[in-house]
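File shown here: run.pdb, holding PDB, N, CA and C atoms.
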```pdb
ATOM      1  N   MET A  21       0.841  -1.166   0.000
ATOM      2  CA  MET A  21       0.000   0.000   0.000
ATOM      3  C   MET A  21       0.887   1.230   0.000
ATOM      4  N   LYS A  22       0.720   2.071  -0.993
ATOM      5  CA  LYS A  22       1.534   3.270  -1.112
ATOM      6  C   LYS A  22       0.742   4.487  -0.646
ATOM      7  N   HIS A  23       1.428   5.356   0.078
ATOM      8  CA  HIS A  23       0.801   6.565   0.621
ATOM      9  C   HIS A  23       1.818   7.696   0.526
ATOM     10  N   THR A  24       1.377   8.869   0.102
ATOM     11  CA  THR A  24       2.250  10.025  -0.013
ATOM     12  C   THR A  24       1.860  11.080   1.013
ATOM     13  N   ILE A  25       2.875  11.573   1.710
ATOM     14  CA  ILE A  25       2.698  12.660   2.664
ATOM     15  C   ILE A  25       3.411  13.870   2.060
ATOM     16  N   GLU A  26       2.629  14.829   1.624
ATOM     17  CA  GLU A  26       3.208  16.021   1.011
ATOM     18  C   GLU A  26       3.691  16.986   2.083
ATOM     19  N   HIS A  27       4.735  17.745   1.735
ATOM     20  CA  HIS A  27       5.307  18.725   2.665
ATOM     21  C   HIS A  27       5.990  19.828   1.868
ATOM     22  N   ASP A  28       6.405  20.866   2.582
ATOM     23  CA  ASP A  28       7.146  21.946   1.941
ATOM     24  C   ASP A  28       8.478  22.194   2.651
ATOM     25  N   LEU A  29       9.053  21.130   3.178
ATOM     26  CA  LEU A  29      10.320  21.203   3.893
ATOM     27  C   LEU A  29      11.485  20.878   2.956
ATOM     28  N   ASN A  30      12.687  21.250   3.384
ATOM     29  CA  ASN A  30      13.855  20.786   2.638
ATOM     30  C   ASN A  30      14.130  19.337   3.040
ATOM     31  N   ASP A  31      15.034  18.675   2.350
ATOM     32  CA  ASP A  31      15.280  17.252   2.606
ATOM     33  C   ASP A  31      15.698  16.971   4.046
ATOM     34  N   THR A  32      16.565  17.812   4.588
ATOM     35  CA  THR A  32      17.038  17.598   5.960
ATOM     36  C   THR A  32      15.889  17.705   6.957
ATOM     37  N   GLU A  33      15.043  18.723   6.793
ATOM     38  CA  GLU A  33      13.906  18.898   7.693
ATOM     39  C   GLU A  33      12.897  17.757   7.547
ATOM     40  N   ALA A  34      12.642  17.321   6.319
ATOM     41  CA  ALA A  34      11.683  16.236   6.086
ATOM     42  C   ALA A  34      12.178  14.925   6.690
ATOM     43  N   LYS A  35      13.458  14.663   6.517
ATOM     44  CA  LYS A  35      14.046  13.444   7.079
ATOM     45  C   LYS A  35      13.960  13.474   8.603
ATOM     46  N   LEU A  36      14.260  14.618   9.186
ATOM     47  CA  LEU A  36      14.173  14.769  10.641
ATOM     48  C   LEU A  36      12.742  14.600  11.123
ATOM     49  N   ALA A  37      11.772  15.140  10.393
ATOM     50  CA  ALA A  37      10.367  14.978  10.763
ATOM     51  C   ALA A  37       9.983  13.500  10.764
ATOM     52  N   ALA A  38      10.425  12.756   9.753
ATOM     53  CA  ALA A  38      10.127  11.317   9.689
ATOM     54  C   ALA A  38      10.774  10.584  10.858
ATOM     55  N   GLU A  39      12.023  10.920  11.162
ATOM     56  CA  GLU A  39      12.723  10.273  12.270
ATOM     57  C   GLU A  39      12.043  10.575  13.604
ATOM     58  N   ARG A  40      11.636  11.815  13.798
ATOM     59  CA  ARG A  40      10.955  12.189  15.045
ATOM     60  C   ARG A  40       9.608  11.485  15.153
ATOM     61  N   ALA A  41       8.920  11.350  14.038
ATOM     62  CA  ALA A  41       7.618  10.675  14.045
ATOM     63  C   ALA A  41       7.759   9.220  14.472
ATOM     64  N   ILE A  42       8.722   8.521  13.907
ATOM     65  CA  ILE A  42       8.919   7.112  14.265
ATOM     66  C   ILE A  42       9.396   6.997  15.708
ATOM     67  N   ALA A  43      10.249   7.919  16.158
ATOM     68  CA  ALA A  43      10.706   7.901  17.552
ATOM     69  C   ALA A  43       9.520   8.087  18.508
ATOM     70  N   GLN A  44       8.626   9.001  18.165
ATOM     71  CA  GLN A  44       7.429   9.229  18.984
ATOM     72  C   GLN A  44       6.539   7.990  18.984
ATOM     73  N   TYR A  45       6.377   7.397  17.803
ATOM     74  CA  TYR A  45       5.571   6.188  17.680
ATOM     75  C   TYR A  45       6.208   5.062  18.499
ATOM     76  N   ARG A  46       7.532   4.951  18.442
ATOM     77  CA  ARG A  46       8.255   3.925  19.200
ATOM     78  C   ARG A  46       8.058   4.118  20.696
ATOM     79  N   GLU A  47       8.055   5.366  21.132
ATOM     80  CA  GLU A  47       7.884   5.670  22.548
ATOM     81  C   GLU A  47       6.472   5.326  23.025
ATOM     82  N   ARG A  48       5.476   5.676  22.232
ATOM     83  CA  ARG A  48       4.080   5.466  22.624
ATOM     84  C   ARG A  48       3.588   4.051  22.388
ATOM     85  N   TYR A  49       4.145   3.371  21.390
ATOM     86  CA  TYR A  49       3.664   2.039  21.013
ATOM     87  C   TYR A  49       4.825   1.048  20.906
ATOM     88  N   ALA A  50       5.620   0.972  21.951
ATOM     89  CA  ALA A  50       6.801   0.112  21.948
ATOM     90  C   ALA A  50       6.464  -1.348  21.652
ATOM     91  N   GLU A  51       5.262  -1.780  22.061
ATOM     92  CA  GLU A  51       4.873  -3.179  21.845
ATOM     93  C   GLU A  51       4.795  -3.541  20.361
ATOM     94  N   TYR A  52       4.685  -2.545  19.480
ATOM     95  CA  TYR A  52       4.633  -2.812  18.036
ATOM     96  C   TYR A  52       6.022  -2.805  17.389
ATOM     97  N   GLU A  53       7.046  -2.517  18.172
ATOM     98  CA  GLU A  53       8.438  -2.547  17.715
ATOM     99  C   GLU A  53       8.672  -1.752  16.422
ATOM    100  N   PRO A  54       8.218  -0.506  16.357
ATOM    101  CA  PRO A  54       8.413   0.267  15.127
ATOM    102  C   PRO A  54       9.894   0.596  14.895
ATOM    103  N   PHE A  55      10.284   0.632  13.628
ATOM    104  CA  PHE A  55      11.659   1.004  13.305
ATOM    105  C   PHE A  55      11.700   1.766  11.985
ATOM    106  N   LEU A  56      12.744   2.561  11.840
ATOM    107  CA  LEU A  56      13.039   3.289  10.615
ATOM    108  C   LEU A  56      14.541   3.250  10.448
ATOM    109  N   LEU A  57      15.015   2.691   9.353
ATOM    110  CA  LEU A  57      16.436   2.516   9.112
ATOM    111  C   LEU A  57      16.774   3.083   7.737
ATOM    112  N   TRP A  58      17.510   4.195   7.725
ATOM    113  CA  TRP A  58      17.876   4.833   6.457
ATOM    114  C   TRP A  58      18.950   4.013   5.751
ATOM    115  N   ARG A  59      18.697   3.680   4.497
ATOM    116  CA  ARG A  59      19.649   2.928   3.670
ATOM    117  C   ARG A  59      20.557   3.853   2.873
ATOM    118  N   ASP A  60      20.059   5.055   2.584
ATOM    119  CA  ASP A  60      20.848   6.108   1.956
ATOM    120  C   ASP A  60      20.162   7.431   2.270
ATOM    121  N   ASP A  61      20.531   8.509   1.613
ATOM    122  CA  ASP A  61      19.972   9.828   1.928
ATOM    123  C   ASP A  61      18.497   9.962   1.600
ATOM    124  N   LYS A  62      17.989   9.101   0.736
ATOM    125  CA  LYS A  62      16.609   9.231   0.269
ATOM    126  C   LYS A  62      15.690   8.072   0.632
ATOM    127  N   ARG A  63      16.238   6.914   0.976
ATOM    128  CA  ARG A  63      15.406   5.728   1.190
ATOM    129  C   ARG A  63      15.663   5.086   2.546
ATOM    130  N   ALA A  64      14.544   4.663   3.147
ATOM    131  CA  ALA A  64      14.623   3.996   4.445
ATOM    132  C   ALA A  64      13.702   2.794   4.461
ATOM    133  N   GLU A  65      14.057   1.832   5.294
ATOM    134  CA  GLU A  65      13.166   0.713   5.583
ATOM    135  C   GLU A  65      12.401   1.087   6.834
ATOM    136  N   LEU A  66      11.143   0.692   6.876
ATOM    137  CA  LEU A  66      10.366   0.911   8.086
ATOM    138  C   LEU A  66       9.507  -0.308   8.333
ATOM    139  N   GLY A  67       9.056  -0.436   9.560
ATOM    140  CA  GLY A  67       8.201  -1.570   9.872
ATOM    141  C   GLY A  67       7.803  -1.592  11.329
ATOM    142  N   PHE A  68       6.974  -2.553  11.641
ATOM    143  CA  PHE A  68       6.514  -2.791  12.998
ATOM    144  C   PHE A  68       5.832  -4.145  13.035
ATOM    145  N   SER A  69       5.471  -4.579  14.227
ATOM    146  CA  SER A  69       4.819  -5.877  14.412
ATOM    147  C   SER A  69       3.375  -5.683  14.849
ATOM    148  N   VAL A  70       2.512  -6.527  14.321
ATOM    149  CA  VAL A  70       1.104  -6.545  14.723
ATOM    150  C   VAL A  70       0.719  -7.997  14.929
ATOM    151  N   LYS A  71       0.256  -8.288  16.123
ATOM    152  CA  LYS A  71      -0.183  -9.653  16.446
ATOM    153  C   LYS A  71       0.886 -10.699  16.085
ATOM    154  N   GLY A  72       2.150 -10.360  16.363
ATOM    155  CA  GLY A  72       3.250 -11.284  16.117
ATOM    156  C   GLY A  72       3.728 -11.350  14.675
ATOM    157  N   VAL A  73       3.133 -10.577  13.793
ATOM    158  CA  VAL A  73       3.529 -10.570  12.381
ATOM    159  C   VAL A  73       4.261  -9.265  12.095
ATOM    160  N   LYS A  74       5.415  -9.374  11.446
ATOM    161  CA  LYS A  74       6.197  -8.189  11.105
ATOM    162  C   LYS A  74       5.709  -7.585   9.803
ATOM    163  N   LEU A  75       5.401  -6.307   9.845
ATOM    164  CA  LEU A  75       5.026  -5.553   8.647
ATOM    165  C   LEU A  75       6.232  -4.710   8.258
ATOM    166  N   LYS A  76       6.599  -4.789   6.993
ATOM    167  CA  LYS A  76       7.752  -4.031   6.524
ATOM    168  C   LYS A  76       7.368  -3.212   5.319
ATOM    169  N   GLY A  77       8.123  -2.175   5.124
ATOM    170  CA  GLY A  77       7.886  -1.317   3.981
ATOM    171  C   GLY A  77       9.064  -0.398   3.771
ATOM    172  N   SER A  78       8.799   0.668   3.050
ATOM    173  CA  SER A  78       9.860   1.617   2.760
ATOM    174  C   SER A  78       9.324   3.038   2.827
ATOM    175  N   MET A  79      10.250   3.962   2.980
ATOM    176  CA  MET A  79       9.929   5.379   2.936
ATOM    177  C   MET A  79      10.943   6.003   1.992
ATOM    178  N   GLU A  80      10.445   6.822   1.073
ATOM    179  CA  GLU A  80      11.329   7.491   0.131
ATOM    180  C   GLU A  80      11.111   8.991   0.233
ATOM    181  N   LEU A  81      12.206   9.700   0.349
ATOM    182  CA  LEU A  81      12.198  11.147   0.440
ATOM    183  C   LEU A  81      12.313  11.724  -0.966
ATOM    184  N   ARG A  82      11.297  12.495  -1.366
ATOM    185  CA  ARG A  82      11.303  13.196  -2.651
ATOM    186  C   ARG A  82      11.096  14.677  -2.378
ATOM    187  N   PRO A  83      11.439  15.543  -3.320
ATOM    188  CA  PRO A  83      11.148  16.966  -3.117
ATOM    189  C   PRO A  83       9.644  17.163  -2.920
ATOM    190  N   GLY A  84       9.274  17.685  -1.764
ATOM    191  CA  GLY A  84       7.875  17.966  -1.486
ATOM    192  C   GLY A  84       7.030  16.789  -1.050
ATOM    193  N   ALA A  85       7.636  15.623  -0.847
ATOM    194  CA  ALA A  85       6.830  14.457  -0.460
ATOM    195  C   ALA A  85       7.671  13.380   0.205
ATOM    196  N   LEU A  86       7.009  12.651   1.082
ATOM    197  CA  LEU A  86       7.543  11.408   1.643
ATOM    198  C   LEU A  86       6.605  10.304   1.174
ATOM    199  N   ASP A  87       7.145   9.331   0.473
ATOM    200  CA  ASP A  87       6.341   8.203   0.012
ATOM    201  C   ASP A  87       6.534   7.040   0.962
ATOM    202  N   VAL A  88       5.431   6.528   1.475
ATOM    203  CA  VAL A  88       5.449   5.373   2.366
ATOM    204  C   VAL A  88       4.798   4.219   1.616
ATOM    205  N   ASP A  89       5.497   3.102   1.553
ATOM    206  CA  ASP A  89       4.972   1.908   0.895
ATOM    207  C   ASP A  89       5.069   0.765   1.889
ATOM    208  N   LEU A  90       3.932   0.246   2.302
ATOM    209  CA  LEU A  90       3.875  -0.784   3.335
ATOM    210  C   LEU A  90       3.347  -2.080   2.755
ATOM    211  N   ASP A  91       4.127  -3.154   2.914
ATOM    212  CA  ASP A  91       3.695  -4.482   2.490
ATOM    213  C   ASP A  91       2.897  -5.110   3.629
ATOM    214  N   VAL A  92       1.635  -5.379   3.372
ATOM    215  CA  VAL A  92       0.753  -5.916   4.410
ATOM    216  C   VAL A  92       0.249  -7.285   3.979
ATOM    217  N   PRO A  93       0.550  -8.334   4.772
ATOM    218  CA  PRO A  93       0.018  -9.664   4.450
ATOM    219  C   PRO A  93      -1.507  -9.657   4.415
ATOM    220  N   PHE A  94      -2.059 -10.534   3.626
ATOM    221  CA  PHE A  94      -3.507 -10.583   3.415
ATOM    222  C   PHE A  94      -4.298 -10.596   4.721
ATOM    223  N   LEU A  95      -3.879 -11.408   5.676
ATOM    224  CA  LEU A  95      -4.639 -11.529   6.924
ATOM    225  C   LEU A  95      -4.652 -10.250   7.757
ATOM    226  N   LEU A  96      -3.676  -9.379   7.515
ATOM    227  CA  LEU A  96      -3.611  -8.137   8.283
ATOM    228  C   LEU A  96      -4.067  -6.918   7.491
ATOM    229  N   ARG A  97      -4.617  -7.128   6.322
ATOM    230  CA  ARG A  97      -5.071  -5.993   5.497
ATOM    231  C   ARG A  97      -6.049  -5.074   6.225
ATOM    232  N   PRO A  98      -6.896  -5.597   7.121
ATOM    233  CA  PRO A  98      -7.780  -4.676   7.849
ATOM    234  C   PRO A  98      -7.010  -3.631   8.681
ATOM    235  N   PHE A  99      -5.748  -3.922   9.019
ATOM    236  CA  PHE A  99      -4.945  -3.008   9.826
ATOM    237  C   PHE A  99      -4.156  -2.008   8.993
ATOM    238  N   LYS A 100      -4.103  -2.186   7.669
ATOM    239  CA  LYS A 100      -3.229  -1.334   6.859
ATOM    240  C   LYS A 100      -3.638   0.131   6.921
ATOM    241  N   GLY A 101      -4.936   0.398   6.891
ATOM    242  CA  GLY A 101      -5.384   1.783   6.981
ATOM    243  C   GLY A 101      -5.008   2.418   8.305
ATOM    244  N   VAL A 102      -5.118   1.647   9.380
ATOM    245  CA  VAL A 102      -4.759   2.134  10.707
ATOM    246  C   VAL A 102      -3.259   2.427  10.768
ATOM    247  N   ALA A 103      -2.469   1.527  10.204
ATOM    248  CA  ALA A 103      -1.013   1.702  10.222
ATOM    249  C   ALA A 103      -0.606   2.944   9.435
ATOM    250  N   ILE A 104      -1.114   3.088   8.234
ATOM    251  CA  ILE A 104      -0.775   4.241   7.404
ATOM    252  C   ILE A 104      -1.265   5.528   8.061
ATOM    253  N   ALA A 105      -2.463   5.511   8.628
ATOM    254  CA  ALA A 105      -3.001   6.699   9.290
ATOM    255  C   ALA A 105      -2.129   7.116  10.475
ATOM    256  N   ALA A 106      -1.636   6.145  11.227
ATOM    257  CA  ALA A 106      -0.777   6.452  12.377
ATOM    258  C   ALA A 106       0.537   7.078  11.918
ATOM    259  N   ILE A 107       1.145   6.509  10.885
ATOM    260  CA  ILE A 107       2.385   7.062  10.355
ATOM    261  C   ILE A 107       2.135   8.471   9.818
ATOM    262  N   ASP A 108       1.073   8.629   9.035
ATOM    263  CA  ASP A 108       0.725   9.928   8.455
ATOM    264  C   ASP A 108       0.536  10.979   9.546
ATOM    265  N   LYS A 109      -0.213  10.645  10.574
ATOM    266  CA  LYS A 109      -0.501  11.589  11.653
ATOM    267  C   LYS A 109       0.778  12.046  12.347
ATOM    268  N   GLU A 110       1.642  11.103  12.672
ATOM    269  CA  GLU A 110       2.879  11.452  13.366
ATOM    270  C   GLU A 110       3.796  12.296  12.484
ATOM    271  N   VAL A 111       3.953  11.915  11.209
ATOM    272  CA  VAL A 111       4.830  12.674  10.318
ATOM    273  C   VAL A 111       4.285  14.090  10.126
ATOM    274  N   ARG A 112       2.989  14.219   9.912
ATOM    275  CA  ARG A 112       2.398  15.555   9.740
ATOM    276  C   ARG A 112       2.587  16.420  10.984
ATOM    277  N   HIS A 113       2.494  15.820  12.157
ATOM    278  CA  HIS A 113       2.733  16.559  13.398
ATOM    279  C   HIS A 113       4.146  17.141  13.401
ATOM    280  N   PHE A 114       5.128  16.339  13.025
ATOM    281  CA  PHE A 114       6.504  16.808  13.069
ATOM    282  C   PHE A 114       6.860  17.700  11.883
ATOM    283  N   ILE A 115       6.102  17.641  10.820
ATOM    284  CA  ILE A 115       6.248  18.624   9.747
ATOM    285  C   ILE A 115       5.828  19.996  10.286
ATOM    286  N   GLU A 116       4.730  20.030  11.020
ATOM    287  CA  GLU A 116       4.281  21.284  11.632
ATOM    288  C   GLU A 116       5.297  21.794  12.652
ATOM    289  N   GLU A 117       5.877  20.887  13.417
ATOM    290  CA  GLU A 117       6.916  21.275  14.369
ATOM    291  C   GLU A 117       8.110  21.893  13.639
ATOM    292  N   ALA A 118       8.481  21.333  12.499
ATOM    293  CA  ALA A 118       9.588  21.880  11.698
ATOM    294  C   ALA A 118       9.250  23.288  11.225
ATOM    295  N   HIS A 119       7.999  23.526  10.855
ATOM    296  CA  HIS A 119       7.574  24.873  10.453
ATOM    297  C   HIS A 119       7.743  25.859  11.615
ATOM    298  N   LYS A 120       7.362  25.445  12.814
ATOM    299  CA  LYS A 120       7.487  26.298  13.985
ATOM    300  C   LYS A 120       8.957  26.610  14.269
ATOM    301  N   GLU A 121       9.818  25.583  14.183
ATOM    302  CA  GLU A 121      11.242  25.780  14.428
ATOM    303  C   GLU A 121      11.835  26.733  13.395
ATOM    304  N   ARG A 122      11.416  26.581  12.137
ATOM    305  CA  ARG A 122      11.898  27.448  11.064
ATOM    306  C   ARG A 122      11.485  28.892  11.341
ATOM    307  N   SER A 123      10.240  29.093  11.776
ATOM    308  CA  SER A 123       9.746  30.446  12.074
ATOM    309  C   SER A 123      10.500  31.073  13.241
ATOM    310  N   GLN A 124      10.783  30.263  14.257
ATOM    311  CA  GLN A 124      11.503  30.770  15.419
ATOM    312  C   GLN A 124      12.926  31.194  15.041
ATOM    313  N   LYS A 125      13.564  30.430  14.170
ATOM    314  CA  LYS A 125      14.924  30.771  13.730
ATOM    315  C   LYS A 125      14.928  32.045  12.885
ATOM    316  N   ALA A 126      13.882  32.209  12.087
ATOM    317  CA  ALA A 126      13.788  33.367  11.193
ATOM    318  C   ALA A 126      13.464  34.645  11.980
ATOM    319  N   GLY A 127      12.756  34.488  13.091
ATOM    320  CA  GLY A 127      12.282  35.653  13.846
ATOM    321  C   GLY A 127      13.220  36.059  14.873
TER     322      GLY A 127
END
```
The structure in this file should be written as structure tokens.
Amino acid sequence: MKHTIEHDLNDTEAKLAAERAIAQYRERYAEYEPFLLWRDDKRAELGFSVKGVKLKGSMELRPGALDVDLDVPFLLRPFKGVAIAAIDKEVRHFIEEAHKERSQKAG
């Protein structure tokens, strides 16, 4: 399942927002074992566990967007919307935080 989170940050800010989102998710939902592992400057592996099954996917950093692609086994498809929504919510929160930090630095 592919999902795009649009933003207006530079690459460094967008990457930091994604990292902060997963860290927050890891803190709040440690039982799901969320992870984000950057393979290069633009691509990362991400995943978590649900009911003992590991869900894996990828995140790609593009200008103006973060693409999340999550491979969900058939039996867990009912959870895919919840998983994507949780990732989307956390990343969007930290995109807004990046905007606030940018404004504070400018002012």
Decode the PyMOL selection byres ((chain A and resi 70) around 8) for the given file into explicit residues and return them as a VMD selection string.
chain A and resid 51 to 53 67 to 69 71 to 75 96
Report the residues of chain A whose backbone DSSP state falls under alpha helix (DSSP H), written as a VMD selection string.
chain A and resid 31 to 48 97 to 126
Return the single residue from A:Met79, A:Leu56, A:Ala106, A:Ile115 that is closest to Leu36 in chain A, with distances computed using only N, CA and C atoms.
A:Ile115
Result set of the PyMOL selection byres (((chain A and resi 65 and name CA) around 6) and name CA) on the coordinates above, as a list in words:
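Taken over the shown coordinates, the PyMOL selection byres (((chain A and resi 65 and name CA) around 6) and name CA) returns Leu56, Leu57, Ala64, Leu66, Gly77 and Ser78 of chain A.
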May I ask for the distance between CA of Asp60 in chain A and CA of Lys22 in chain A, given in Å to one decimal place?
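Interatomic distance, CA of Asp60 in chain A to CA of Lys22 in chain A: 19.8 Å.
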Hey, can you check how far atom C of Gly101 in chain A sits from CA of Tyr49 in chain A?
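Spanning atom C of Gly101 in chain A to CA of Tyr49 in chain A is a straight-line distance of 15.4 Å.
Backbone DSSP over range 75-110 of chain A gives strand (DSSP E) for A:Leu75, A:Lys76, A:Gly77, A:Ser78, A:Met79, A:Glu80, A:Leu81, A:Arg82, A:Ala85, A:Leu86, A:Asp87, A:Val88, A:Asp89, A:Leu90, A:Asp91.
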Selection export as a PDB file, keeping the file's coordinate frame, atoms kept: N, CA and C atoms:
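Dumped everything to selection-v6.pdb:
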```pdb
ATOM      1  N   LEU A  75       5.401  -6.307   9.845  1.00  0.00           N
ATOM      2  CA  LEU A  75       5.026  -5.553   8.647  1.00  0.00           C
ATOM      3  C   LEU A  75       6.232  -4.710   8.258  1.00  0.00           C
ATOM      4  N   LYS A  76       6.599  -4.789   6.993  1.00  0.00           N
ATOM      5  CA  LYS A  76       7.752  -4.031   6.524  1.00  0.00           C
ATOM      6  C   LYS A  76       7.368  -3.212   5.319  1.00  0.00           C
ATOM      7  N   GLY A  77       8.123  -2.175   5.124  1.00  0.00           N
ATOM      8  CA  GLY A  77       7.886  -1.317   3.981  1.00  0.00           C
ATOM      9  C   GLY A  77       9.064  -0.398   3.771  1.00  0.00           C
ATOM     10  N   SER A  78       8.799   0.668   3.050  1.00  0.00           N
ATOM     11  CA  SER A  78       9.860   1.617   2.760  1.00  0.00           C
ATOM     12  C   SER A  78       9.324   3.038   2.827  1.00  0.00           C
ATOM     13  N   MET A  79      10.250   3.962   2.980  1.00  0.00           N
ATOM     14  CA  MET A  79       9.929   5.379   2.936  1.00  0.00           C
ATOM     15  C   MET A  79      10.943   6.003   1.992  1.00  0.00           C
ATOM     16  N   GLU A  80      10.445   6.822   1.073  1.00  0.00           N
ATOM     17  CA  GLU A  80      11.329   7.491   0.131  1.00  0.00           C
ATOM     18  C   GLU A  80      11.111   8.991   0.233  1.00  0.00           C
ATOM     19  N   LEU A  81      12.206   9.700   0.349  1.00  0.00           N
ATOM     20  CA  LEU A  81      12.198  11.147   0.440  1.00  0.00           C
ATOM     21  C   LEU A  81      12.313  11.724  -0.966  1.00  0.00           C
ATOM     22  N   ARG A  82      11.297  12.495  -1.366  1.00  0.00           N
ATOM     23  CA  ARG A  82      11.303  13.196  -2.651  1.00  0.00           C
ATOM     24  C   ARG A  82      11.096  14.677  -2.378  1.00  0.00           C
ATOM     25  N   ALA A  85       7.636  15.623  -0.847  1.00  0.00           N
ATOM     26  CA  ALA A  85       6.830  14.457  -0.460  1.00  0.00           C
ATOM     27  C   ALA A  85       7.671  13.380   0.205  1.00  0.00           C
ATOM     28  N   LEU A  86       7.009  12.651   1.082  1.00  0.00           N
ATOM     29  CA  LEU A  86       7.543  11.408   1.643  1.00  0.00           C
ATOM     30  C   LEU A  86       6.605  10.304   1.174  1.00  0.00           C
ATOM     31  N   ASP A  87       7.145   9.331   0.473  1.00  0.00           N
ATOM     32  CA  ASP A  87       6.341   8.203   0.012  1.00  0.00           C
ATOM     33  C   ASP A  87       6.534   7.040   0.962  1.00  0.00           C
ATOM     34  N   VAL A  88       5.431   6.528   1.475  1.00  0.00           N
ATOM     35  CA  VAL A  88       5.449   5.373   2.366  1.00  0.00           C
ATOM     36  C   VAL A  88       4.798   4.219   1.616  1.00  0.00           C
ATOM     37  N   ASP A  89       5.497   3.102   1.553  1.00  0.00           N
ATOM     38  CA  ASP A  89       4.972   1.908   0.895  1.00  0.00           C
ATOM     39  C   ASP A  89       5.069   0.765   1.889  1.00  0.00           C
ATOM     40  N   LEU A  90       3.932   0.246   2.302  1.00  0.00           N
ATOM     41  CA  LEU A  90       3.875  -0.784   3.335  1.00  0.00           C
ATOM     42  C   LEU A  90       3.347  -2.080   2.755  1.00  0.00           C
ATOM     43  N   ASP A  91       4.127  -3.154   2.914  1.00  0.00           N
ATOM     44  CA  ASP A  91       3.695  -4.482   2.490  1.00  0.00           C
ATOM     45  C   ASP A  91       2.897  -5.110   3.629  1.00  0.00           C
TER      46      ASP A  91
END
```
In terms of all atoms listed in the file, the residue from A:Phe114, A:Lys109, A:Val102, A:Val92 at minimal distance from Ala34 in chain A is A:Phe114
Can you pull out every residue within 8 Å of Asp31 in chain A, counting all atoms listed in the file, but drop anything in the same chain fewer than 5 positions away, and send it as a list in words?
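My list of contacting residues is Leu36, Ala37, Asp61, Leu81, Arg82, Pro83 and Gly84 of chain A.
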With all atoms of range 75-81 of chain A from the file as input, state the centre and edge lengths in Å to one decimal of the axis-aligned box that has 4 Å extra on each side, as JSON.
```
{"center_x": 8.7, "center_y": 2.7, "center_z": 4.4, "size_x": 15.3, "size_y": 26.0, "size_z": 18.8}
```
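One distance worth recording is that between atom C of Arg112 in chain A and CA of Lys35 in chain A, which is 12.5 Å.
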Find, counting all atoms listed in the file, the residue in A:Arg46, A:Thr24, A:Pro54, A:Arg40 that gets nearest to Glu110 in chain A.
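For Glu110 in chain A, the nearest of the given residues is A:Arg40.
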Counting only C-alpha atoms, the option among A:Leu29, A:Met21, A:Ala38, A:Ala126 closest to Val111 in chain A
A:Ala38
Fix up range 24-34 of chain A with N, CA, C and O atoms, then write it as a PDB file, in the frame of the given file.
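Final file, selection32.pdb:
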```
ATOM      1  N   THR A  24       1.377   8.869   0.102  1.00  0.00           N
ATOM      2  CA  THR A  24       2.250  10.025  -0.013  1.00  0.00           C
ATOM      3  C   THR A  24       1.860  11.080   1.013  1.00  0.00           C
ATOM      4  O   THR A  24       0.687  11.410   1.158  1.00  0.00           O
ATOM      5  N   ILE A  25       2.875  11.573   1.710  1.00  0.00           N
ATOM      6  CA  ILE A  25       2.698  12.660   2.664  1.00  0.00           C
ATOM      7  C   ILE A  25       3.411  13.870   2.060  1.00  0.00           C
ATOM      8  O   ILE A  25       4.636  13.894   1.981  1.00  0.00           O
ATOM      9  N   GLU A  26       2.629  14.829   1.624  1.00  0.00           N
ATOM     10  CA  GLU A  26       3.208  16.021   1.011  1.00  0.00           C
ATOM     11  C   GLU A  26       3.691  16.986   2.083  1.00  0.00           C
ATOM     12  O   GLU A  26       3.137  17.043   3.181  1.00  0.00           O
ATOM     13  N   HIS A  27       4.735  17.745   1.735  1.00  0.00           N
ATOM     14  CA  HIS A  27       5.307  18.725   2.665  1.00  0.00           C
ATOM     15  C   HIS A  27       5.990  19.828   1.868  1.00  0.00           C
ATOM     16  O   HIS A  27       6.141  19.722   0.652  1.00  0.00           O
ATOM     17  N   ASP A  28       6.405  20.866   2.582  1.00  0.00           N
ATOM     18  CA  ASP A  28       7.146  21.946   1.941  1.00  0.00           C
ATOM     19  C   ASP A  28       8.478  22.194   2.651  1.00  0.00           C
ATOM     20  O   ASP A  28       8.982  23.300   2.696  1.00  0.00           O
ATOM     21  N   LEU A  29       9.053  21.130   3.178  1.00  0.00           N
ATOM     22  CA  LEU A  29      10.320  21.203   3.893  1.00  0.00           C
ATOM     23  C   LEU A  29      11.485  20.878   2.956  1.00  0.00           C
ATOM     24  O   LEU A  29      11.297  20.259   1.918  1.00  0.00           O
ATOM     25  N   ASN A  30      12.687  21.250   3.384  1.00  0.00           N
ATOM     26  CA  ASN A  30      13.855  20.786   2.638  1.00  0.00           C
ATOM     27  C   ASN A  30      14.130  19.337   3.040  1.00  0.00           C
ATOM     28  O   ASN A  30      13.506  18.807   3.967  1.00  0.00           O
ATOM     29  N   ASP A  31      15.034  18.675   2.350  1.00  0.00           N
ATOM     30  CA  ASP A  31      15.280  17.252   2.606  1.00  0.00           C
ATOM     31  C   ASP A  31      15.698  16.971   4.046  1.00  0.00           C
ATOM     32  O   ASP A  31      15.227  16.011   4.660  1.00  0.00           O
ATOM     33  N   THR A  32      16.565  17.812   4.588  1.00  0.00           N
ATOM     34  CA  THR A  32      17.038  17.598   5.960  1.00  0.00           C
ATOM     35  C   THR A  32      15.889  17.705   6.957  1.00  0.00           C
ATOM     36  O   THR A  32      15.755  16.867   7.855  1.00  0.00           O
ATOM     37  N   GLU A  33      15.043  18.723   6.793  1.00  0.00           N
ATOM     38  CA  GLU A  33      13.906  18.898   7.693  1.00  0.00           C
ATOM     39  C   GLU A  33      12.897  17.757   7.547  1.00  0.00           C
ATOM     40  O   GLU A  33      12.355  17.273   8.547  1.00  0.00           O
ATOM     41  N   ALA A  34      12.642  17.321   6.319  1.00  0.00           N
ATOM     42  CA  ALA A  34      11.683  16.236   6.086  1.00  0.00           C
ATOM     43  C   ALA A  34      12.178  14.925   6.690  1.00  0.00           C
ATOM     44  O   ALA A  34      11.410  14.180   7.301  1.00  0.00           O
TER      45      ALA A  34
END
```
